[in-house]
Amino acid sequence: MRNRKSIFIMVLVFALIVSGCSAKKSESYDMSVQDRAPAEPSAENEERGMDSVGEDKKSEYDLIEPDKIITTVSISMQTKEFMATVEKLNSLIGKYKGYIENSDISYNNYVYSTSLKHSQYSIRIPRENLDTFKNELKEIGNIISENTSKVDITKQYRDTESRLKVLEVKEGRILDLLKKAEKMEDIIALENQLTNIIYEKENLTANIMDMDDKVNYSTVNFYLEEVAKLTPGENIKTPFWTKVGNAFKDSLYFFTYNIENLIISFIYFLPYGIIIGVVAYVVWKFIRKRNNTLPKE
């Protein structure tokens with residue numbers, strides 16, 4: 001009987017030990033699963049995520065230009081067909097709703113019996129169309145140089161607006177005082193102040209309109225030159241054989257050009273040469289005849 005009790009107790013203890021080990025294993029497994037499982041986003045993490053997104057957006061917005069920027073572009077171009085290029089230029093200006101502020105066309109030297117022309121334009125283009133206009137402008141001729149400058153007048157613009165608002169407030173106060181003024185000297189003094197304020201307001205308003213015009217319409221200073229031969233666009237990345245080919249073409253062109261100039265110069269000099277030759281011949285004949293008539297000693 002005692003043996004049965006002892007055996008029973010041993011079996012019970014063994015069962016308790018096994019269940020305890022299994023419980024520890026399941027607990028450790030649950031802990032490992034919890035460690036591996038992705039953490040649920042807390043409110044703090046969400047705020048941090050929103051802040052990072054906001055910072056990204058802010059950094060993108062920082063790259064955007066200020067509202068009041070004056071943009072000026074200078075472009076120099078060569079062409080062999082001056083009038084055709086001018087027609088394309090006028091077409092592009094109309095296409096992008098711009099206008100020519102001023103232009104100047106001059107004549108250069110004569111080559112191949114044709115006068116080479118060059119022109120300067122000051123073109124105003126809406127700033128939202130400027131980039132597209134420049135890209136298409138580069139396709140109508142041979143670009144030699146391009147320069148872009150930007151001036152930020154945001155602070156100047158805001159200061160002018162603030163001064164204008166202050167003057168408007170002063171104007172309203174003086175108008176109220178004029179309604180209440182009874183003495184003639186007070187009325188005259190207030191009217192003088194009002195005149196000065198109106199004059200300053202007109203100047204500030206004109207300045208704001210001028211700044212708005214310069215900001216809304218970018219200026220393109222365009223120089224167009226007609227040439228008999230376009231300048232090849234070469235840089236450090238240009239292949240060697242391309243440079244050799246360009247050098248050969250340039251050498252042949254300038255050789256032909258100089259020979260033609262020599263022939264033309266000779267033709268220009270020919271009448272003077274004939275006259276000089278005739279005069280020299282007459283003088284020579286006269287001297288020879290005189291020498292023949294002199295008595296010999």
# chains A, B, ... in the order shown; residues from 1 in each chain; ligands from 1

call {"tool": "closest_atom_pairs", "arguments": {"of": "segment 89-161 of chain A", "to": "segment 197-214 of chain A", "cutoff": "12 Å", "atoms": "only C-alpha atoms", "output": "JSON lines"}}
result
{"residue": "A:Ile123", "atom": "CA", "partner": "A:Lys214", "partner_atom": "CA", "distance": 11.8}
{"residue": "A:Arg124", "atom": "CA", "partner": "A:Lys214", "partner_atom": "CA", "distance": 8.9}
{"residue": "A:Ile125", "atom": "CA", "partner": "A:Lys214", "partner_atom": "CA", "distance": 10.0}
{"residue": "A:Pro126", "atom": "CA", "partner": "A:Asp213", "partner_atom": "CA", "distance": 9.5}
{"residue": "A:Arg127", "atom": "CA", "partner": "A:Lys214", "partner_atom": "CA", "distance": 9.4}
{"residue": "A:Lys150", "atom": "CA", "partner": "A:Lys214", "partner_atom": "CA", "distance": 11.2}
{"residue": "A:Val151", "atom": "CA", "partner": "A:Lys214", "partner_atom": "CA", "distance": 10.4}
{"residue": "A:Asp152", "atom": "CA", "partner": "A:Met211", "partner_atom": "CA", "distance": 10.8}
{"residue": "A:Ile153", "atom": "CA", "partner": "A:Met211", "partner_atom": "CA", "distance": 8.1}
{"residue": "A:Thr154", "atom": "CA", "partner": "A:Met211", "partner_atom": "CA", "distance": 9.8}
{"residue": "A:Lys155", "atom": "CA", "partner": "A:Met211", "partner_atom": "CA", "distance": 11.8}
{"residue": "A:Gln156", "atom": "CA", "partner": "A:Met211", "partner_atom": "CA", "distance": 9.4}
{"residue": "A:Tyr157", "atom": "CA", "partner": "A:Ile208", "partner_atom": "CA", "distance": 6.9}
{"residue": "A:Arg158", "atom": "CA", "partner": "A:Ile208", "partner_atom": "CA", "distance": 9.5}
{"residue": "A:Asp159", "atom": "CA", "partner": "A:Leu204", "partner_atom": "CA", "distance": 10.2}
{"residue": "A:Thr160", "atom": "CA", "partner": "A:Leu204", "partner_atom": "CA", "distance": 6.5}
{"residue": "A:Glu161", "atom": "CA", "partner": "A:Ile208", "partner_atom": "CA", "distance": 7.7}

call {"tool": "atom_distance", "arguments": {"atom1": "atom CA of Tyr96 of chain A", "atom2": "atom CA of Glu226 of chain A"}}
result
24.6 Å

call {"tool": "atom_distance", "arguments": {"atom1": "atom CA of Lys285 of chain A", "atom2": "atom CA of Ile267 of chain A"}}
result
27.1 Å

call {"tool": "atom_distance", "arguments": {"atom1": "atom CA of Ser265 of chain A", "atom2": "atom CA of Ala280 of chain A"}}
result
21.6 Å

call {"tool": "select_by_dssp", "arguments": {"residues": "segment 90-288 of chain A", "states": "strand (DSSP E)", "output": "PyMOL selection string"}}
result
chain A and resi 99-111+114-126+142-152+217-226

call {"tool": "write_last_selection", "arguments": {"atoms": "C-alpha atoms", "output": "mmCIF file, in the first residue's frame"}}
result
data_model
loop_
_atom_site.group_PDB
_atom_site.id
_atom_site.type_symbol
_atom_site.label_atom_id
_atom_site.label_comp_id
_atom_site.auth_asym_id
_atom_site.auth_seq_id
_atom_site.Cartn_x
_atom_site.Cartn_y
_atom_site.Cartn_z
ATOM 1 C CA TYR A 99 5.777 91.463 -76.782
ATOM 2 C CA ILE A 100 8.856 93.307 -78.074
ATOM 3 C CA GLU A 101 9.678 96.249 -75.842
ATOM 4 C CA ASN A 102 12.296 97.624 -78.235
ATOM 5 C CA SER A 103 14.397 96.411 -81.148
ATOM 6 C CA ASP A 104 17.320 97.607 -83.250
ATOM 7 C CA ILE A 105 18.458 96.152 -86.597
ATOM 8 C CA SER A 106 21.826 97.152 -88.073
ATOM 9 C CA TYR A 107 23.814 96.230 -91.153
ATOM 10 C CA ASN A 108 27.305 94.741 -91.107
ATOM 11 C CA ASN A 109 29.904 94.168 -93.852
ATOM 12 C CA TYR A 110 29.119 92.686 -97.258
ATOM 13 C CA VAL A 111 29.881 89.037 -97.984
ATOM 14 C CA THR A 114 24.748 90.237 -99.415
ATOM 15 C CA SER A 115 24.636 92.540 -96.411
ATOM 16 C CA LEU A 116 24.939 90.701 -93.100
ATOM 17 C CA LYS A 117 22.549 92.035 -90.496
ATOM 18 C CA HIS A 118 22.465 91.908 -86.718
ATOM 19 C CA SER A 119 19.729 92.929 -84.319
ATOM 20 C CA GLN A 120 19.058 93.457 -80.636
ATOM 21 C CA TYR A 121 15.705 92.836 -78.998
ATOM 22 C CA SER A 122 14.303 93.461 -75.553
ATOM 23 C CA ILE A 123 11.484 90.930 -75.246
ATOM 24 C CA ARG A 124 8.949 90.656 -72.405
ATOM 25 C CA ILE A 125 7.558 87.175 -71.748
ATOM 26 C CA PRO A 126 5.108 86.096 -69.002
ATOM 27 C CA ASN A 142 22.838 78.586 -83.319
ATOM 28 C CA ILE A 143 23.095 79.561 -79.630
ATOM 29 C CA ILE A 144 26.420 81.210 -78.750
ATOM 30 C CA SER A 145 25.806 82.214 -75.140
ATOM 31 C CA GLU A 146 23.040 82.309 -72.544
ATOM 32 C CA ASN A 147 22.900 84.011 -69.171
ATOM 33 C CA THR A 148 20.128 84.166 -66.564
ATOM 34 C CA SER A 149 20.009 86.500 -63.575
ATOM 35 C CA LYS A 150 17.406 86.748 -60.816
ATOM 36 C CA VAL A 151 16.785 89.567 -58.335
ATOM 37 C CA ASP A 152 14.664 89.025 -55.227
ATOM 38 C CA TYR A 217 6.907 89.645 -67.326
ATOM 39 C CA SER A 218 10.507 88.434 -67.537
ATOM 40 C CA THR A 219 12.933 90.297 -69.796
ATOM 41 C CA VAL A 220 14.806 88.457 -72.564
ATOM 42 C CA ASN A 221 17.680 90.448 -74.070
ATOM 43 C CA PHE A 222 18.143 88.727 -77.427
ATOM 44 C CA TYR A 223 21.029 89.370 -79.826
ATOM 45 C CA LEU A 224 20.781 87.899 -83.320
ATOM 46 C CA GLU A 225 23.713 87.955 -85.742
ATOM 47 C CA GLU A 226 23.662 86.894 -89.375
#
